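Structure data follow from final_15.cif (mmCIF, C-alpha atoms):
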data_query
loop_
_atom_site.label_atom_id
_atom_site.label_comp_id
_atom_site.auth_asym_id
_atom_site.auth_seq_id
_atom_site.Cartn_x
_atom_site.Cartn_y
_atom_site.Cartn_z
CA MET A 1 -6.74 -92.80 -68.00
CA ARG A 2 -5.91 -91.85 -64.42
CA ASN A 3 -5.28 -94.58 -61.89
CA PHE A 4 -8.08 -95.40 -59.48
CA THR A 5 -5.77 -94.61 -56.53
CA ASP A 6 -5.84 -90.93 -57.51
CA ILE A 7 -6.80 -89.19 -54.26
CA SER A 8 -9.38 -86.95 -55.96
CA ARG A 9 -11.39 -89.95 -57.15
CA ILE A 10 -11.31 -91.58 -53.74
CA ARG A 11 -12.48 -88.35 -52.15
CA VAL A 12 -15.40 -88.07 -54.59
CA PHE A 13 -16.43 -91.68 -53.94
CA ILE A 14 -16.35 -91.20 -50.16
CA LYS A 15 -18.40 -88.01 -50.29
CA ASP A 16 -20.95 -89.24 -52.84
CA ARG A 17 -24.32 -89.52 -51.09
CA ASN A 18 -25.68 -91.51 -54.01
CA LYS A 19 -23.52 -94.56 -53.37
CA LYS A 20 -24.93 -97.94 -52.42
CA SER A 21 -24.64 -99.33 -48.92
CA PHE A 22 -21.25 -100.62 -47.84
CA LEU A 23 -22.47 -104.21 -47.67
CA LYS A 24 -24.01 -104.03 -51.14
CA ILE A 25 -20.82 -102.59 -52.59
CA ILE A 26 -18.78 -105.42 -51.04
CA ARG A 27 -21.23 -108.01 -52.35
CA GLU A 28 -21.22 -106.62 -55.90
CA ILE A 29 -17.44 -106.31 -55.95
CA PHE A 30 -17.16 -109.96 -54.88
CA ILE A 31 -19.59 -111.07 -57.62
CA LEU A 32 -17.67 -109.07 -60.22
CA LEU A 33 -14.41 -110.52 -58.99
CA ILE A 34 -15.77 -114.02 -59.59
CA THR A 35 -17.61 -113.40 -62.88
CA LYS A 36 -15.12 -111.06 -64.55
CA LYS A 37 -11.99 -112.68 -63.09
CA GLU A 38 -10.29 -109.38 -62.30
CA ILE A 39 -10.18 -106.87 -59.46
CA PRO A 40 -13.03 -104.52 -60.47
CA PHE A 41 -11.40 -101.13 -59.91
CA TYR A 42 -13.70 -99.84 -62.69
CA TYR A 43 -16.63 -100.37 -60.31
CA PHE A 44 -15.66 -97.13 -58.58
CA LYS A 45 -16.09 -95.05 -61.72
CA PHE A 46 -19.89 -95.22 -61.77
CA LEU A 47 -21.15 -98.64 -60.75
CA TYR A 48 -21.16 -97.94 -57.02
CA ARG A 49 -24.06 -95.50 -57.50
CA LYS A 50 -27.55 -96.41 -56.30
CA ASP A 51 -29.16 -95.91 -59.70
CA VAL A 52 -26.95 -98.59 -61.31
CA LYS A 53 -28.95 -101.78 -60.78
CA ASN A 54 -27.59 -103.85 -63.66
CA TYR A 55 -23.89 -103.59 -62.80
CA LEU A 56 -23.14 -106.91 -64.55
CA ASP A 57 -24.12 -105.37 -67.89
CA TYR A 58 -21.13 -103.01 -67.79
CA LEU A 59 -17.81 -103.78 -69.43
CA SER A 60 -14.85 -104.71 -67.26
CA THR A 61 -11.40 -103.23 -67.73
CA LYS A 62 -10.20 -106.44 -69.41
CA GLU A 63 -13.12 -106.37 -71.83
CA VAL A 64 -12.48 -102.72 -72.70
CA VAL A 65 -8.78 -103.45 -73.26
CA ALA A 66 -9.64 -106.48 -75.41
CA ILE A 67 -11.77 -104.30 -77.70
CA GLY A 68 -9.12 -101.59 -77.92
CA SER A 69 -6.16 -103.90 -78.50
CA SER A 70 -7.75 -106.31 -80.99
CA GLN A 71 -5.70 -106.48 -84.19
CA THR A 72 -8.77 -107.77 -86.02
CA LEU A 73 -11.00 -104.88 -84.97
CA HIS A 74 -8.33 -102.25 -85.60
CA LYS A 75 -5.98 -102.37 -88.58
CA PRO A 76 -2.68 -100.45 -88.17
CA GLU A 77 -3.29 -98.40 -91.32
CA TYR A 78 -6.60 -97.15 -89.94
CA LYS A 79 -5.04 -96.32 -86.58
CA SER A 80 -2.44 -94.10 -88.24
CA LEU A 81 -5.21 -92.38 -90.19
CA PHE A 82 -7.18 -91.61 -87.03
CA ASN A 83 -4.21 -90.68 -84.87
CA ASN A 84 -3.00 -87.74 -86.96
CA LYS A 85 -5.55 -84.96 -87.37
CA LEU A 86 -3.74 -83.47 -90.35
CA ILE A 87 -3.76 -86.78 -92.22
CA PHE A 88 -7.40 -87.35 -91.24
CA ALA A 89 -8.40 -83.87 -92.48
CA LEU A 90 -6.63 -84.42 -95.80
CA PHE A 91 -8.22 -87.86 -96.17
CA CYS A 92 -11.72 -86.52 -95.46
CA GLU A 93 -11.20 -83.82 -98.06
CA LYS A 94 -10.21 -86.37 -100.72
CA ALA A 95 -12.90 -88.90 -99.71
CA SER A 96 -15.68 -86.25 -99.65
CA ILE A 97 -16.42 -86.89 -95.98
CA ASN A 98 -18.13 -83.84 -94.50
CA SER A 99 -15.64 -82.39 -92.02
CA PRO A 100 -14.29 -78.95 -90.99
CA LYS A 101 -12.37 -77.37 -93.86
CA LEU A 102 -8.59 -77.65 -93.60
CA ILE A 103 -7.16 -74.15 -94.06
CA SER A 104 -3.45 -74.41 -93.35
CA HIS A 105 -0.97 -76.04 -90.98
CA ASN A 106 2.43 -75.54 -89.44
CA PHE A 107 5.32 -77.69 -88.30
CA GLY A 108 7.15 -75.31 -86.03
CA SER A 109 8.21 -72.27 -88.05
CA ARG A 110 7.24 -73.91 -91.36
CA PHE A 111 3.75 -72.88 -92.50
CA CYS A 112 1.74 -74.20 -95.42
CA PHE A 113 -1.24 -72.46 -97.06
CA ASN A 114 -2.61 -73.01 -100.57
CA ASN A 115 0.22 -75.46 -101.33
CA GLU A 116 2.80 -72.77 -100.61
CA ASN A 117 5.38 -73.18 -97.83
CA GLU A 118 6.84 -70.35 -95.81
CA LYS A 119 9.34 -70.11 -92.96
CA ILE A 120 8.25 -67.61 -90.31
CA THR A 121 10.55 -66.33 -87.57
CA THR A 122 8.93 -63.10 -86.31
CA LYS A 123 5.59 -62.04 -84.86
CA GLU A 124 5.18 -59.50 -87.64
CA ALA A 125 5.63 -62.17 -90.31
CA LEU A 126 3.14 -64.44 -88.57
CA VAL A 127 0.57 -61.64 -88.46
CA LEU A 128 1.10 -61.04 -92.18
CA PHE A 129 0.69 -64.75 -92.89
CA PHE A 130 -2.69 -64.96 -91.16
CA GLU A 131 -3.81 -61.63 -92.60
CA LYS A 132 -3.25 -63.27 -96.00
CA VAL A 133 -5.23 -66.32 -94.87
CA PHE A 134 -8.14 -64.24 -93.57
CA THR A 135 -8.17 -62.13 -96.75
CA SER A 136 -8.41 -65.26 -98.89
CA LEU A 137 -11.21 -66.86 -96.87
CA ASP A 138 -14.68 -65.88 -95.72
CA THR A 139 -14.06 -66.59 -92.05
CA GLU A 140 -13.70 -64.58 -88.87
CA ALA A 141 -11.65 -67.12 -86.89
CA ILE A 142 -9.34 -70.11 -87.28
CA PHE A 143 -9.22 -73.12 -84.95
CA PHE A 144 -5.84 -74.62 -83.98
CA ARG A 145 -5.47 -78.28 -83.02
CA PRO A 146 -2.28 -80.26 -82.31
CA PRO A 147 -2.15 -83.18 -84.79
CA SER A 148 -1.79 -85.91 -82.20
CA GLU A 149 -3.30 -84.66 -78.93
CA TYR A 150 -6.53 -85.95 -77.43
CA GLY A 151 -9.19 -84.62 -75.09
CA GLY A 152 -9.09 -81.12 -76.54
CA LYS A 153 -5.58 -80.53 -75.20
CA GLY A 154 -3.72 -77.64 -76.77
CA CYS A 155 -6.67 -76.34 -78.80
CA PHE A 156 -7.33 -72.63 -79.25
CA LYS A 157 -8.48 -70.15 -81.86
CA ILE A 158 -7.33 -66.84 -83.33
CA THR A 159 -9.73 -64.24 -84.68
CA LYS A 160 -9.51 -61.77 -87.50
CA GLU A 161 -10.68 -58.97 -85.22
CA ALA A 162 -8.02 -59.45 -82.52
CA LEU A 163 -5.30 -61.02 -84.68
CA ILE A 164 -2.36 -58.86 -83.58
CA SER A 165 -2.94 -59.21 -79.84
CA GLU A 166 -3.69 -62.94 -80.09
CA ILE A 167 -0.55 -63.61 -82.15
CA ASN A 168 1.41 -61.60 -79.61
CA ASP A 169 0.04 -63.82 -76.81
CA ARG A 170 0.43 -67.15 -78.63
CA TYR A 171 3.46 -66.59 -80.84
CA GLU A 172 5.80 -68.90 -78.90
CA THR A 173 3.13 -71.61 -78.64
CA ILE A 174 2.45 -71.55 -82.38
CA ILE A 175 6.01 -71.19 -83.61
CA ASN A 176 7.32 -73.95 -81.34
CA GLY A 177 4.43 -76.34 -81.93
CA ARG A 178 2.69 -78.29 -84.66
CA PHE A 179 -0.88 -77.35 -85.47
CA VAL A 180 -3.68 -78.11 -87.90
CA HIS A 181 -5.62 -74.95 -88.78
CA THR A 182 -9.27 -75.50 -89.66
CA GLU A 183 -12.36 -73.43 -90.18
CA ILE A 184 -14.40 -72.49 -87.13
CA ILE A 185 -17.53 -74.60 -86.79
CA ASN A 186 -20.68 -72.49 -86.69
CA GLN A 187 -22.75 -74.54 -84.30
CA HIS A 188 -26.49 -74.94 -84.79
CA GLU A 189 -28.45 -72.20 -83.02
CA GLU A 190 -30.56 -74.75 -81.12
CA ILE A 191 -27.44 -76.26 -79.56
CA ASN A 192 -26.08 -72.77 -78.85
CA LYS A 193 -29.10 -72.30 -76.60
CA ILE A 194 -27.63 -74.99 -74.35
CA HIS A 195 -24.01 -73.80 -74.52
CA SER A 196 -22.42 -71.54 -77.12
CA LYS A 197 -18.85 -71.17 -75.84
CA SER A 198 -17.73 -74.56 -77.14
CA VAL A 199 -18.67 -76.82 -80.03
CA ASN A 200 -20.66 -79.53 -78.27
CA THR A 201 -20.07 -82.72 -80.20
CA ILE A 202 -21.98 -85.98 -80.41
CA ARG A 203 -20.01 -89.19 -80.11
CA ILE A 204 -21.45 -92.12 -82.04
CA ILE A 205 -19.94 -95.59 -81.67
CA SER A 206 -20.01 -97.74 -84.80
CA LEU A 207 -19.36 -101.46 -85.06
CA ILE A 208 -18.90 -103.69 -88.08
CA THR A 209 -20.24 -107.05 -86.93
CA SER A 210 -18.66 -110.40 -87.76
CA GLU A 211 -21.38 -110.72 -90.43
CA GLY A 212 -20.18 -107.47 -92.05
CA ASP A 213 -23.14 -105.31 -91.02
CA ILE A 214 -22.63 -101.72 -89.84
CA GLU A 215 -24.35 -101.10 -86.52
CA LEU A 216 -24.54 -97.86 -84.54
CA ILE A 217 -24.19 -99.01 -80.95
CA CYS A 218 -24.65 -95.95 -78.77
CA SER A 219 -24.31 -92.20 -78.60
CA PHE A 220 -23.73 -89.43 -76.10
CA MET A 221 -23.26 -85.67 -76.33
CA ARG A 222 -20.47 -83.74 -74.65
CA PHE A 223 -20.83 -80.20 -73.37
CA GLY A 224 -18.25 -77.63 -72.37
CA VAL A 225 -18.64 -75.38 -69.35
CA GLY A 226 -17.68 -71.77 -68.74
CA ASN A 227 -15.50 -70.26 -71.45
CA SER A 228 -13.65 -73.45 -72.38
CA PRO A 229 -13.48 -73.88 -76.20
CA VAL A 230 -13.60 -77.68 -75.90
CA ASP A 231 -16.38 -79.98 -74.77
CA ASN A 232 -14.44 -83.00 -73.58
CA ALA A 233 -15.53 -84.62 -70.34
CA SER A 234 -11.84 -85.29 -69.67
CA SER A 235 -11.22 -81.52 -69.83
CA GLY A 236 -13.82 -80.63 -67.21
CA GLY A 237 -17.03 -80.81 -69.22
CA PHE A 238 -19.72 -83.46 -68.92
CA PHE A 239 -21.67 -85.87 -71.10
CA VAL A 240 -25.34 -86.71 -71.64
CA GLY A 241 -26.63 -89.93 -73.18
CA VAL A 242 -28.50 -89.77 -76.48
CA ASN A 243 -31.43 -91.99 -77.45
CA LEU A 244 -30.38 -93.50 -80.77
CA ASP A 245 -33.92 -94.14 -81.94
CA ASP A 246 -34.99 -90.48 -82.00
CA GLY A 247 -31.88 -88.37 -81.28
CA THR A 248 -33.14 -86.92 -77.99
CA LEU A 249 -31.05 -86.28 -74.90
CA LYS A 250 -31.61 -88.41 -71.83
CA PRO A 251 -32.81 -86.70 -68.63
CA SER A 252 -29.41 -86.41 -66.96
CA GLY A 253 -25.71 -86.28 -67.67
CA LEU A 254 -22.62 -86.93 -65.61
CA TYR A 255 -19.27 -85.35 -64.86
CA MET A 256 -16.14 -87.50 -64.88
CA LEU A 257 -15.27 -88.68 -61.37
CA GLU A 258 -12.16 -86.50 -61.16
CA TYR A 259 -14.39 -83.47 -61.78
CA GLY A 260 -16.92 -84.33 -59.11
CA GLY A 261 -18.75 -87.27 -60.67
CA GLY A 262 -22.16 -85.74 -60.03
CA ASP A 263 -25.41 -86.00 -61.98
CA ILE A 264 -26.46 -82.96 -63.94
CA TYR A 265 -29.94 -82.26 -65.31
CA GLU A 266 -29.43 -78.83 -66.84
CA HIS A 267 -26.48 -76.90 -68.17
CA PRO A 268 -24.79 -75.00 -65.32
CA ASP A 269 -24.30 -71.86 -67.45
CA SER A 270 -27.57 -71.60 -69.37
CA GLY A 271 -29.95 -73.54 -67.12
CA PHE A 272 -31.16 -75.45 -70.21
CA LYS A 273 -32.80 -78.77 -69.23
CA PHE A 274 -31.56 -81.76 -71.22
CA GLU A 275 -34.51 -84.15 -71.11
CA GLY A 276 -36.27 -84.50 -74.45
CA PHE A 277 -34.06 -82.07 -76.38
CA LYS A 278 -34.01 -83.28 -79.98
CA ILE A 279 -30.61 -82.90 -81.62
CA PRO A 280 -30.92 -81.19 -85.02
CA TYR A 281 -29.83 -83.31 -88.00
CA PHE A 282 -29.29 -86.37 -85.81
CA GLU A 283 -30.59 -88.78 -88.44
CA GLU A 284 -28.27 -87.16 -90.98
CA ALA A 285 -25.38 -87.50 -88.51
CA CYS A 286 -26.04 -91.23 -88.25
CA LYS A 287 -26.09 -91.56 -92.04
CA GLU A 288 -22.85 -89.58 -92.24
CA VAL A 289 -21.21 -92.04 -89.84
CA ILE A 290 -22.44 -95.07 -91.78
CA ASN A 291 -21.08 -93.60 -95.02
CA ALA A 292 -17.74 -92.85 -93.35
CA VAL A 293 -17.48 -96.42 -92.04
CA LYS A 294 -17.90 -97.66 -95.61
CA VAL A 295 -14.87 -95.55 -96.57
CA ILE A 296 -12.82 -96.39 -93.45
CA PRO A 297 -13.93 -99.91 -92.47
CA ASP A 298 -12.33 -100.10 -89.03
CA ARG A 299 -14.63 -102.33 -87.04
CA PHE A 300 -15.01 -100.26 -83.86
CA ILE A 301 -14.87 -96.45 -84.04
CA GLY A 302 -15.98 -93.51 -81.95
CA TRP A 303 -17.02 -90.68 -84.27
CA ASP A 304 -17.22 -87.09 -83.03
CA ILE A 305 -19.89 -85.11 -84.85
CA ALA A 306 -20.58 -81.37 -84.77
CA ILE A 307 -23.98 -80.06 -85.82
CA THR A 308 -24.05 -76.87 -87.89
CA GLN A 309 -26.94 -74.92 -89.37
CA ASN A 310 -26.37 -76.86 -92.60
CA GLY A 311 -25.97 -80.34 -91.15
CA PRO A 312 -23.42 -82.62 -89.47
CA LEU A 313 -19.63 -82.49 -89.73
CA ILE A 314 -17.30 -85.30 -88.70
CA VAL A 315 -14.69 -83.60 -86.50
CA GLU A 316 -12.60 -86.69 -85.79
CA ALA A 317 -12.65 -90.46 -85.42
CA ASN A 318 -11.21 -92.50 -82.56
CA TRP A 319 -10.17 -96.14 -82.75
CA ASP A 320 -9.86 -96.10 -78.95
CA PRO A 321 -12.88 -94.07 -77.82
CA HIS A 322 -13.70 -93.59 -74.15
CA ILE A 323 -15.64 -96.84 -73.88
CA PHE A 324 -16.37 -96.35 -70.18
CA LEU A 325 -18.31 -93.17 -70.98
CA SER A 326 -20.22 -94.95 -73.74
CA ASP A 327 -20.90 -97.81 -71.34
CA TYR A 328 -22.45 -95.51 -68.76
CA ALA A 329 -24.32 -93.37 -71.29
CA TYR A 330 -25.90 -96.53 -72.75
CA GLY A 331 -26.69 -98.01 -69.36
CA GLY A 332 -24.47 -101.08 -69.74
CA LEU A 333 -23.16 -101.98 -73.21
CA LEU A 334 -23.49 -105.71 -72.55
CA LYS A 335 -27.24 -105.20 -72.89
CA ASN A 336 -26.51 -104.65 -76.58
CA GLU A 337 -26.60 -107.96 -78.46
CA HIS A 338 -23.81 -106.92 -80.83
CA ILE A 339 -21.42 -105.87 -78.05
CA LYS A 340 -22.27 -108.97 -76.04
CA LYS A 341 -21.39 -111.18 -79.03
CA LEU A 342 -18.26 -109.14 -79.73
CA VAL A 343 -16.98 -109.58 -76.18
CA SER A 344 -17.81 -113.29 -76.27
CA ASP A 345 -15.98 -113.74 -79.59
CA LEU A 346 -12.93 -111.88 -78.26
CA LYS A 347 -12.79 -114.11 -75.18
CA GLU A 348 -13.08 -117.26 -77.27
CA GLY A 349 -10.45 -116.05 -79.72
CA ILE A 350 -12.87 -116.16 -82.65
CA ILE A 351 -11.76 -112.66 -83.66
#
Once you've parsed the file, please lay out its structure as structure tokens.
Amino acid sequence: MRNFTDISRIRVFIKDRNKKSFLKIIREIFILLITKKEIPFYYFKFLYRKDVKNYLDYLSTKEVVAIGSSQTLHKPEYKSLFNNKLIFALFCEKASINSPKLISHNFGSRFCFNNENEKITTKEALVLFFEKVFTSLDTEAIFFRPPSEYGGKGCFKITKEALISEINDRYETIINGRFVHTEIINQHEEINKIHSKSVNTIRIISLITSEGDIELICSFMRFGVGNSPVDNASSGGFFVGVNLDDGTLKPSGLYMLEYGGGDIYEHPDSGFKFEGFKIPYFEEACKEVINAVKVIPDRFIGWDIAITQNGPLIVEANWDPHIFLSDYAYGGLLKNEHIKKLVSDLKEGII
């Protein structure tokens, strides 16, 4: 998370015409300082905007850190499972969790496919390796993801059609890196109408309450822009809140502050308006998350879901999801009775 003093964020705040009056900002900051007992730097992410009336319903930095650092909410063995995408892909395969199919992987020059290991040291050998992979599978492209990176960093794909030129361009990156190779997700055609250049995932936050019940707290959908293959708001995309009760998009989304912080009502590439769009298979996506929580009972998880023509796929799970985005997409998570109790219990040391 970038520091508030980052000049780009300050510049966006100063130029934002949607900010509250100076006196109101000072008053709200003072109230937050007293009630939250911390300097509310987080106020300048979104809370300074005129449309945010219930600023006290938003989580403070201390409250977000308390959720993320809780040893009761997050067991170390679950963290290690989430943090490594190769381990997570293998686990999902064994646990019958619907997720993108793991094809192969590499640790530097060591490549593994179909339980066979191979050391590759030339471009020609690497082309032959992936020709073998493409011949064995009914796929036109393979997606590469670093095992431990976040925010879509380091992701790319290679295609069967342009294999030689793409290997030539990315040989050093592949051979000197560590990558998980998975099937390409064929996104649902209705979502492609909004943006087809990236897989636009839904994030769903799950919570296991102190009573042991599984609750879905909130959801938002992330969209890529331009030709970027990833949808992460932290990589220049934006997010739109999702109504949990019916799986429809809210009227507007928002860019991260470092990317302009502005409201957005339609996709900048397609012109598709968000309000009322019903996400295909959203109910099934929620059920998929609940089933996954039963298998991996970490108490607070952010699940990233892709929607295909055949239903939802769990792309990854995050023990430390971007809670500030969830907070804004929901309209203040402290309005949620389960989050309000969770924060209260954390402060009192009950959990």
Point-to-point distance in Å for CA of Phe282 in chain A and CA of Asn192 in chain A =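 Result for CA of Asn192 in chain A versus CA of Phe282 in chain A: 15.6 Å, one decimal.
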Result set of the PyMOL selection byres ((chain A and resi 66) around 12) on the coordinates above, as an NGL selection string = :A and (59-65 or 67-74 or 300 or 320 or 323 or 342-349 or 351)
Keeping C-alpha atoms, export the residues of the selection given above as a CSV table (one decimal), in the frame of the given file.
chain,number,residue,atom,x,y,z
A,59,LEU,CA,-17.8,-103.8,-69.4
A,60,SER,CA,-14.8,-104.7,-67.3
A,61,THR,CA,-11.4,-103.2,-67.7
A,62,LYS,CA,-10.2,-106.4,-69.4
A,63,GLU,CA,-13.1,-106.4,-71.8
A,64,VAL,CA,-12.5,-102.7,-72.7
A,65,VAL,CA,-8.8,-103.4,-73.3
A,67,ILE,CA,-11.8,-104.3,-77.7
A,68,GLY,CA,-9.1,-101.6,-77.9
A,69,SER,CA,-6.2,-103.9,-78.5
A,70,SER,CA,-7.8,-106.3,-81.0
A,71,GLN,CA,-5.7,-106.5,-84.2
A,72,THR,CA,-8.8,-107.8,-86.0
A,73,LEU,CA,-11.0,-104.9,-85.0
A,74,HIS,CA,-8.3,-102.2,-85.6
A,300,PHE,CA,-15.0,-100.3,-83.9
A,320,ASP,CA,-9.9,-96.1,-79.0
A,323,ILE,CA,-15.6,-96.8,-73.9
A,342,LEU,CA,-18.3,-109.1,-79.7
A,343,VAL,CA,-17.0,-109.6,-76.2
A,344,SER,CA,-17.8,-113.3,-76.3
A,345,ASP,CA,-16.0,-113.7,-79.6
A,346,LEU,CA,-12.9,-111.9,-78.3
A,347,LYS,CA,-12.8,-114.1,-75.2
A,348,GLU,CA,-13.1,-117.3,-77.3
A,349,GLY,CA,-10.4,-116.0,-79.7
A,351,ILE,CA,-11.8,-112.7,-83.7
ask   = From the set A:Lys24, A:Arg11, A:Lys19, A:Lys101, which residue has the shortest atom-to-atom contact distance to Ala89 in chain A, counting all atoms listed in the file?
value =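 Selected residue with least distance to Ala89 in chain A: A:Lys101.
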Determine, counting only C-alpha atoms, every residue of protein, DNA or RNA that lies within 6 Å of (-25.8, -94.9, -56.1) in the file coordinates, then give the result as a PDB file with C-alpha atoms, keeping the file's coordinate frame.
ATOM      1  CA  ASN A  18     -25.680 -91.510 -54.010  1.00  0.00           C
ATOM      2  CA  LYS A  19     -23.520 -94.560 -53.370  1.00  0.00           C
ATOM      3  CA  LYS A  20     -24.930 -97.940 -52.420  1.00  0.00           C
ATOM      4  CA  TYR A  48     -21.160 -97.940 -57.020  1.00  0.00           C
ATOM      5  CA  ARG A  49     -24.060 -95.500 -57.500  1.00  0.00           C
ATOM      6  CA  LYS A  50     -27.550 -96.410 -56.300  1.00  0.00           C
ATOM      7  CA  ASP A  51     -29.160 -95.910 -59.700  1.00  0.00           C
TER       8      ASP A  51
END
request  = For Gly332 in chain A, work out the shell of residues within 9 Å, counting only C-alpha atoms and skipping chain neighbours fewer than 2 positions away, then give it as a ChimeraX atom specification.
outcome  = /A:54-59,326-330,334-336
message = Evaluate the PyMOL selection byres ((chain A and resi 213) around 12) against this structure - the residues, as a list of chain:residue names, please.
response =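 Applied to this file, the PyMOL selection byres ((chain A and resi 213) around 12) selects A:Ser206, A:Leu207, A:Ile208, A:Thr209, A:Ser210, A:Glu211, A:Gly212, A:Ile214, A:Glu215, A:Leu216, A:Ile217, A:Ile290, A:Val293, A:Lys294, A:Pro297, A:Arg299, A:Phe300, A:His338.
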query = Hey, can you check how far CA of Ile279 in chain A sits from CA of Asp246 in chain A?
reply = 8.8 Å
request  = Considering all atoms listed in the file, state which residue in the set A:Lys123, A:Lys160, A:Lys45, A:Lys153 is at the smallest distance from Glu140 in chain A.
outcome  = A:Lys160
ask   = If we count only C-alpha atoms, what is near Ile39 in chain A at a cut-off of 9 Å, once residues fewer than 3 positions away on the same chain are taken out, given as a PyMOL selection string?
value = chain A and resi 29-30+32-33+36+42
Write a file of the selected residues as an mmCIF file, in the frame of the given file, keeping C-alpha atoms.
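Generated file (again-v5.cif):
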data_model
loop_
_atom_site.group_PDB
_atom_site.id
_atom_site.type_symbol
_atom_site.label_atom_id
_atom_site.label_comp_id
_atom_site.auth_asym_id
_atom_site.auth_seq_id
_atom_site.Cartn_x
_atom_site.Cartn_y
_atom_site.Cartn_z
ATOM 1 C CA ILE A 29 -17.440 -106.310 -55.950
ATOM 2 C CA PHE A 30 -17.160 -109.960 -54.880
ATOM 3 C CA LEU A 32 -17.670 -109.070 -60.220
ATOM 4 C CA LEU A 33 -14.410 -110.520 -58.990
ATOM 5 C CA LYS A 36 -15.120 -111.060 -64.550
ATOM 6 C CA TYR A 42 -13.700 -99.840 -62.690
#
query = Within 9 Å of range 108-120 of chain A, counting only C-alpha atoms, which residues qualify if same-chain residues fewer than 3 places away don't, as a list in words?
reply = Ile103, Ser104, His105, Lys123, Ala125, Leu126, Phe129, Val133, Ile174, Ile175, Asn176, Gly177, Arg178 and Phe179 of chain A
Of the listed residues A:Lys340, A:Lys85, A:Lys53, A:Arg17, that which approaches Ser148 in chain A most closely, counting all atoms listed in the file = A:Lys85
What would range 53-69 of chain A look like with N, CA and C atoms restored, written as an mmCIF file, in the coordinates of the input?
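Output file part21.cif is given in full below:
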data_model
loop_
_atom_site.group_PDB
_atom_site.id
_atom_site.type_symbol
_atom_site.label_atom_id
_atom_site.label_comp_id
_atom_site.auth_asym_id
_atom_site.auth_seq_id
_atom_site.Cartn_x
_atom_site.Cartn_y
_atom_site.Cartn_z
ATOM 1 N N LYS A 53 -28.438 -100.489 -61.261
ATOM 2 C CA LYS A 53 -28.950 -101.780 -60.780
ATOM 3 C C LYS A 53 -28.301 -102.954 -61.513
ATOM 4 N N ASN A 54 -28.061 -102.760 -62.807
ATOM 5 C CA ASN A 54 -27.590 -103.850 -63.660
ATOM 6 C C ASN A 54 -26.070 -103.801 -63.843
ATOM 7 N N TYR A 55 -25.341 -103.786 -62.758
ATOM 8 C CA TYR A 55 -23.890 -103.590 -62.800
ATOM 9 C C TYR A 55 -23.162 -104.662 -63.608
ATOM 10 N N LEU A 56 -23.776 -105.835 -63.774
ATOM 11 C CA LEU A 56 -23.140 -106.910 -64.550
ATOM 12 C C LEU A 56 -23.217 -106.667 -66.057
ATOM 13 N N ASP A 57 -24.004 -105.686 -66.457
ATOM 14 C CA ASP A 57 -24.120 -105.370 -67.890
ATOM 15 C C ASP A 57 -23.045 -104.393 -68.356
ATOM 16 N N TYR A 58 -22.174 -103.971 -67.439
ATOM 17 C CA TYR A 58 -21.130 -103.010 -67.790
ATOM 18 C C TYR A 58 -19.821 -103.726 -68.088
ATOM 19 N N LEU A 59 -19.064 -103.165 -69.014
ATOM 20 C CA LEU A 59 -17.810 -103.780 -69.430
ATOM 21 C C LEU A 59 -16.745 -103.675 -68.342
ATOM 22 N N SER A 60 -15.974 -104.728 -68.196
ATOM 23 C CA SER A 60 -14.850 -104.710 -67.260
ATOM 24 C C SER A 60 -13.636 -104.073 -67.945
ATOM 25 N N THR A 61 -12.623 -103.803 -67.161
ATOM 26 C CA THR A 61 -11.400 -103.230 -67.730
ATOM 27 C C THR A 61 -10.784 -104.171 -68.756
ATOM 28 N N LYS A 62 -10.761 -105.471 -68.455
ATOM 29 C CA LYS A 62 -10.200 -106.440 -69.410
ATOM 30 C C LYS A 62 -10.980 -106.453 -70.715
ATOM 31 N N GLU A 63 -12.289 -106.343 -70.619
ATOM 32 C CA GLU A 63 -13.120 -106.370 -71.830
ATOM 33 C C GLU A 63 -12.902 -105.104 -72.665
ATOM 34 N N VAL A 64 -12.759 -103.974 -71.990
ATOM 35 C CA VAL A 64 -12.480 -102.720 -72.700
ATOM 36 C C VAL A 64 -11.121 -102.797 -73.398
ATOM 37 N N VAL A 65 -10.120 -103.316 -72.681
ATOM 38 C CA VAL A 65 -8.780 -103.450 -73.260
ATOM 39 C C VAL A 65 -8.795 -104.421 -74.437
ATOM 40 N N ALA A 66 -9.559 -105.493 -74.325
ATOM 41 C CA ALA A 66 -9.640 -106.480 -75.410
ATOM 42 C C ALA A 66 -10.198 -105.846 -76.681
ATOM 43 N N ILE A 67 -11.207 -104.990 -76.532
ATOM 44 C CA ILE A 67 -11.770 -104.300 -77.700
ATOM 45 C C ILE A 67 -10.744 -103.344 -78.298
ATOM 46 N N GLY A 68 -10.066 -102.592 -77.436
ATOM 47 C CA GLY A 68 -9.120 -101.590 -77.920
ATOM 48 C C GLY A 68 -7.860 -102.169 -78.532
ATOM 49 N N SER A 69 -7.433 -103.337 -78.053
ATOM 50 C CA SER A 69 -6.160 -103.900 -78.500
ATOM 51 C C SER A 69 -6.303 -104.943 -79.609
#
